[in-house]
file my_file.cif (mmCIF, C-alpha atoms)
data_structure
#
loop_
_atom_site.label_atom_id
_atom_site.label_comp_id
_atom_site.auth_asym_id
_atom_site.auth_seq_id
_atom_site.Cartn_x
_atom_site.Cartn_y
_atom_site.Cartn_z
CA MET A 1 -54.66 46.10 209.02
CA ASP A 2 -52.80 44.46 206.14
CA ALA A 3 -53.10 40.75 205.58
CA VAL A 4 -50.51 38.20 206.53
CA THR A 5 -50.16 34.94 204.67
CA VAL A 6 -49.83 31.87 206.88
CA THR A 7 -49.54 28.35 205.56
CA THR A 8 -49.42 25.44 207.96
CA GLY A 9 -45.82 24.33 208.29
CA SER A 10 -44.55 27.52 206.66
CA ALA A 11 -43.43 30.92 207.82
CA ALA A 12 -45.90 33.73 208.30
CA ILE A 13 -45.22 36.15 205.44
CA PHE A 14 -45.46 39.92 205.86
CA GLU A 15 -45.25 41.73 202.52
CA LYS A 16 -43.69 44.84 204.07
CA PRO A 17 -42.34 45.75 207.50
CA SER A 18 -45.28 48.01 208.34
CA ASP A 19 -47.55 44.94 208.07
CA LEU A 20 -46.08 43.89 211.43
CA LEU A 21 -47.72 46.88 213.15
CA GLY A 22 -50.76 45.85 215.13
CA ARG A 23 -49.91 42.15 214.84
CA GLU A 24 -48.92 41.69 218.49
CA GLY A 25 -50.08 38.32 219.75
CA THR A 26 -49.76 36.64 216.34
CA MET A 27 -48.62 33.06 216.91
CA LEU A 28 -45.94 31.65 214.60
CA GLY A 29 -45.03 28.05 213.85
CA PRO A 30 -44.27 25.46 214.87
CA THR A 31 -41.19 24.76 212.75
CA ASP A 32 -40.00 21.39 211.59
CA TRP A 33 -38.15 19.22 214.11
CA LEU A 34 -34.34 19.34 214.18
CA LEU A 35 -32.23 16.45 215.52
CA ILE A 36 -29.49 17.45 217.92
CA ASP A 37 -26.71 14.95 217.32
CA GLN A 38 -23.27 14.61 218.85
CA ALA A 39 -21.55 15.89 215.69
CA ARG A 40 -23.43 19.22 215.97
CA VAL A 41 -22.56 19.52 219.67
CA ASN A 42 -18.90 18.67 219.02
CA GLY A 43 -18.77 21.21 216.18
CA PHE A 44 -20.18 23.91 218.45
CA ALA A 45 -17.60 22.97 221.11
CA ASP A 46 -14.82 23.31 218.56
CA VAL A 47 -16.02 26.71 217.35
CA THR A 48 -16.52 28.15 220.84
CA GLY A 49 -13.75 26.34 222.71
CA ASP A 50 -16.29 25.01 225.25
CA HIS A 51 -15.31 21.34 225.58
CA GLN A 52 -16.90 20.72 228.98
CA TRP A 53 -17.34 16.97 229.46
CA ILE A 54 -21.15 17.10 229.80
CA HIS A 55 -21.21 18.16 226.14
CA VAL A 56 -18.44 16.14 224.48
CA ASP A 57 -17.38 13.14 226.62
CA VAL A 58 -20.03 10.55 225.79
CA GLU A 59 -18.72 7.87 228.19
CA ARG A 60 -18.26 10.16 231.19
CA ALA A 61 -21.58 11.92 230.58
CA GLN A 62 -23.48 8.62 230.77
CA ALA A 63 -22.69 8.57 234.50
CA GLY A 64 -23.33 12.31 234.83
CA PRO A 65 -26.42 14.23 235.94
CA PHE A 66 -28.26 13.94 232.58
CA GLY A 67 -27.47 10.31 231.68
CA GLY A 68 -25.67 11.40 228.52
CA THR A 69 -24.26 14.39 226.72
CA ILE A 70 -26.32 17.55 226.38
CA ALA A 71 -26.22 20.45 223.94
CA HIS A 72 -24.67 23.70 225.07
CA GLY A 73 -27.30 26.21 226.12
CA TYR A 74 -25.75 28.71 223.73
CA LEU A 75 -25.97 26.17 220.90
CA THR A 76 -29.70 25.89 221.57
CA MET A 77 -29.95 29.68 221.66
CA SER A 78 -28.01 30.08 218.42
CA LEU A 79 -30.41 27.72 216.65
CA VAL A 80 -33.10 30.38 217.10
CA ASN A 81 -31.46 31.96 214.05
CA PHE A 82 -32.02 28.68 212.16
CA PHE A 83 -35.69 28.59 213.20
CA LEU A 84 -36.62 32.27 212.65
CA PRO A 85 -36.94 32.06 208.84
CA GLN A 86 -39.24 29.06 209.34
CA LEU A 87 -41.42 31.17 211.65
CA ILE A 88 -41.55 34.59 209.99
CA GLU A 89 -40.63 36.15 206.66
CA VAL A 90 -40.71 39.91 206.23
CA ARG A 91 -40.41 41.23 202.68
CA GLY A 92 -40.13 44.65 201.08
CA PHE A 93 -37.26 46.21 203.02
CA ALA A 94 -33.97 47.75 201.95
CA HIS A 95 -32.02 46.13 204.76
CA ALA A 96 -32.55 44.66 208.20
CA VAL A 97 -30.45 44.31 211.32
CA ASN A 98 -30.50 42.01 214.29
CA VAL A 99 -30.69 44.45 217.19
CA GLY A 100 -30.25 41.78 219.85
CA ALA A 101 -32.17 39.67 222.29
CA ASP A 102 -33.88 40.02 225.65
CA ARG A 103 -35.20 37.67 228.31
CA LEU A 104 -33.03 34.65 227.50
CA ARG A 105 -33.87 31.66 229.68
CA PHE A 106 -32.54 28.09 229.54
CA LEU A 107 -35.28 25.99 231.12
CA ALA A 108 -34.39 22.38 230.30
CA PRO A 109 -31.30 20.61 228.94
CA VAL A 110 -31.36 19.24 225.40
CA LYS A 111 -30.01 15.70 225.48
CA VAL A 112 -28.03 14.60 222.45
CA GLY A 113 -30.35 12.52 220.29
CA SER A 114 -33.35 14.76 221.07
CA ARG A 115 -35.31 16.71 218.51
CA ILE A 116 -36.17 20.37 218.98
CA ARG A 117 -38.43 22.84 217.18
CA ALA A 118 -39.58 26.39 217.72
CA ARG A 119 -42.78 28.36 218.11
CA GLY A 120 -42.98 32.11 218.07
CA GLU A 121 -45.17 35.03 219.03
CA ILE A 122 -44.98 38.63 217.89
CA ILE A 123 -44.63 40.53 221.17
CA SER A 124 -44.33 44.04 219.74
CA ALA A 125 -43.87 46.01 216.56
CA GLU A 126 -43.25 49.75 216.43
CA GLU A 127 -41.74 52.50 214.35
CA VAL A 128 -38.21 53.28 215.54
CA LYS A 129 -35.72 55.68 213.89
CA GLY A 130 -37.09 55.34 210.36
CA ALA A 131 -37.60 51.60 210.62
CA ILE A 132 -40.01 49.01 211.97
CA GLN A 133 -38.70 47.15 214.98
CA SER A 134 -40.25 43.86 216.03
CA VAL A 135 -39.82 41.63 219.04
CA VAL A 136 -40.56 37.97 218.45
CA ARG A 137 -40.54 35.60 221.42
CA VAL A 138 -39.14 32.24 220.33
CA THR A 139 -39.74 29.16 222.43
CA VAL A 140 -37.56 26.15 221.63
CA GLU A 141 -39.43 22.95 222.46
CA ILE A 142 -38.00 19.49 223.10
CA GLU A 143 -39.97 16.64 221.60
CA GLY A 144 -41.85 14.70 224.28
CA GLN A 145 -41.15 17.18 227.09
CA ASP A 146 -43.44 19.70 228.73
CA LYS A 147 -40.71 22.18 229.66
CA PRO A 148 -39.08 24.10 226.78
CA ALA A 149 -35.32 24.17 226.32
CA CYS A 150 -35.05 27.89 225.77
CA VAL A 151 -37.14 31.06 225.53
CA LEU A 152 -35.71 34.17 223.91
CA ASP A 153 -37.08 37.51 222.71
CA THR A 154 -35.40 38.41 219.40
CA ILE A 155 -35.30 42.04 218.28
CA SER A 156 -35.16 42.86 214.56
CA ARG A 157 -35.22 46.20 212.78
CA TYR A 158 -36.41 46.50 209.16
CA PHE A 159 -35.59 49.58 207.08
CA PRO A 160 -38.16 50.17 204.31
CA GLU A 161 -37.20 50.41 200.65
#
call {"tool": "encode", "arguments": {"input": "my_file.cif", "output": "structure tokens"}}
result
Amino acid sequence: MDAVTVTTGSAAIFEKPSDLLGREGTMLGPTDWLLIDQARVNGFADVTGDHQWIHVDVERAQAGPFGGTIAHGYLTMSLVNFFLPQLIEVRGFAHAVNVGADRLRFLAPVKVGSRIRARGEIISAEEVKGAIQSVVRVTVEIEGQDKPACVLDTISRYFPE
């Protein structure tokens, strides 16, 4: 098995895609914390057209079910792409593609003003159609809470040089 370089607070580095093989169960992270502020939530609402009041109406949301505005679940999910490079870095490939995601679950709302971070685990790595395909389960944590905001299995395919 080839070595992986892991530095606390940094991404696990795999020098080539085949180094992922046999690394199932490898824990990744955690990442740095990221503040979820109202500007980010409003920007996501503008891009997606989802202006539901629990996300963007600060006054109304104070009397709502969460005591304030919350991030869109899909905003939280999309931030997995922000966290992935902090969790894992694969080198030595010609190109890579995001194949998709499986097992998406939103488990707890992210209140505006909260901080989130991610942890990961390599679930699988296998040779597929001339490439190495990996599944990394990313868990988005909310600071000070036991229940995570989101859990998602990301699927990436790396084509060797």
call {"tool": "atom_distance", "arguments": {"input": "my_file.cif", "atom1": "CA of Leu87 in chain A", "atom2": "CA of Val136 in chain A"}}
result
9.7 Å
call {"tool": "resolve_selection", "arguments": {"input": "my_file.cif", "expression": "the PyMOL selection byres ((chain A and resi 36-44) around 9)", "output": "NGL selection string"}}
result
:A and (34-35 or 45-51 or 55-56 or 58 or 69-72 or 75 or 110-116)
call {"tool": "residues_around", "arguments": {"input": "my_file.cif", "residues": "Pro148 in chain A", "least_positions_apart": "3", "cutoff": "10 Å", "atoms": "all atoms listed in the file", "output": "number ranges by chain"}}
result
A: 105-110, 116-118, 139-143, 145, 151
call {"tool": "atom_distance", "arguments": {"input": "my_file.cif", "atom1": "CA of Trp33 in chain A", "atom2": "CA of Arg103 in chain A"}}
result
23.5 Å
call {"tool": "closest_residue", "arguments": {"input": "my_file.cif", "among": "A:Ser18, A:Thr26, A:Ser156, A:Thr31", "to": "Gln86 in chain A", "atoms": "only C-alpha atoms"}}
result
A:Thr31
call {"tool": "resolve_selection", "arguments": {"input": "my_file.cif", "expression": "the PyMOL selection byres ((chain A and resi 119) around 6)", "output": "ChimeraX atom specification"}}
result
/A:28-30,118,120,138-139
call {"tool": "atom_distance", "arguments": {"input": "my_file.cif", "atom1": "CA of Cys150 in chain A", "atom2": "CA of Gly22 in chain A"}}
result
26.1 Å
call {"tool": "resolve_selection", "arguments": {"input": "my_file.cif", "expression": "the PyMOL selection byres ((chain A and resi 25) around 6)", "output": "number ranges by chain"}}
result
A: 24, 26, 121-122
call {"tool": "closest_residue", "arguments": {"input": "my_file.cif", "among": "A:Arg157, A:Gln52, A:Ile123, A:Gly68", "to": "Phe93 in chain A", "atoms": "all atoms listed in the file"}}
result
A:Arg157
call {"tool": "closest_residue", "arguments": {"input": "my_file.cif", "among": "A:Gln62, A:Thr154, A:Asn81, A:Ser10", "to": "Ala101 in chain A", "atoms": "only C-alpha atoms"}}
result
A:Thr154
call {"tool": "build_atoms", "arguments": {"input": "my_file.cif", "residues": "range 43-62 of chain A", "atoms": "N, CA and C atoms", "output": "short mmCIF file (atom, residue, chain, number, x, y, z; two decimals), in the coordinates of the input"}}
result
data_model
loop_
_atom_site.label_atom_id
_atom_site.label_comp_id
_atom_site.auth_asym_id
_atom_site.auth_seq_id
_atom_site.Cartn_x
_atom_site.Cartn_y
_atom_site.Cartn_z
N GLY A 43 -19.12 20.09 217.05
CA GLY A 43 -18.77 21.21 216.18
C GLY A 43 -18.90 22.54 216.90
N PHE A 44 -19.98 22.69 217.68
CA PHE A 44 -20.18 23.91 218.45
C PHE A 44 -19.06 24.05 219.49
N ALA A 45 -18.70 22.94 220.13
CA ALA A 45 -17.60 22.97 221.11
C ALA A 45 -16.31 23.42 220.46
N ASP A 46 -16.05 22.92 219.26
CA ASP A 46 -14.82 23.31 218.56
C ASP A 46 -14.81 24.79 218.20
N VAL A 47 -15.94 25.31 217.75
CA VAL A 47 -16.02 26.71 217.35
C VAL A 47 -15.90 27.64 218.56
N THR A 48 -16.50 27.26 219.68
CA THR A 48 -16.52 28.15 220.84
C THR A 48 -15.42 27.87 221.86
N GLY A 49 -14.77 26.72 221.74
CA GLY A 49 -13.75 26.34 222.71
C GLY A 49 -14.32 25.80 224.01
N ASP A 50 -15.63 25.54 224.04
CA ASP A 50 -16.29 25.01 225.25
C ASP A 50 -16.39 23.49 225.13
N HIS A 51 -15.38 22.80 225.65
CA HIS A 51 -15.31 21.34 225.58
C HIS A 51 -15.64 20.69 226.93
N GLN A 52 -16.53 21.30 227.69
CA GLN A 52 -16.90 20.72 228.98
C GLN A 52 -17.41 19.29 228.75
N TRP A 53 -17.06 18.39 229.64
CA TRP A 53 -17.34 16.97 229.46
C TRP A 53 -18.82 16.65 229.32
N ILE A 54 -19.71 17.42 229.93
CA ILE A 54 -21.15 17.10 229.80
C ILE A 54 -21.65 17.29 228.37
N HIS A 55 -20.84 17.95 227.54
CA HIS A 55 -21.21 18.16 226.14
C HIS A 55 -20.50 17.19 225.20
N VAL A 56 -19.25 16.85 225.49
CA VAL A 56 -18.44 16.14 224.48
C VAL A 56 -17.91 14.77 224.91
N ASP A 57 -17.91 14.44 226.17
CA ASP A 57 -17.38 13.14 226.62
C ASP A 57 -18.54 12.17 226.84
N VAL A 58 -18.85 11.41 225.79
CA VAL A 58 -20.03 10.55 225.79
C VAL A 58 -19.98 9.53 226.93
N GLU A 59 -18.83 8.90 227.13
CA GLU A 59 -18.72 7.87 228.19
C GLU A 59 -18.89 8.48 229.58
N ARG A 60 -18.17 9.53 229.87
CA ARG A 60 -18.26 10.16 231.19
C ARG A 60 -19.66 10.72 231.44
N ALA A 61 -20.26 11.30 230.42
CA ALA A 61 -21.58 11.92 230.58
C ALA A 61 -22.67 10.89 230.88
N GLN A 62 -22.48 9.65 230.47
CA GLN A 62 -23.48 8.62 230.77
C GLN A 62 -23.67 8.45 232.28
#
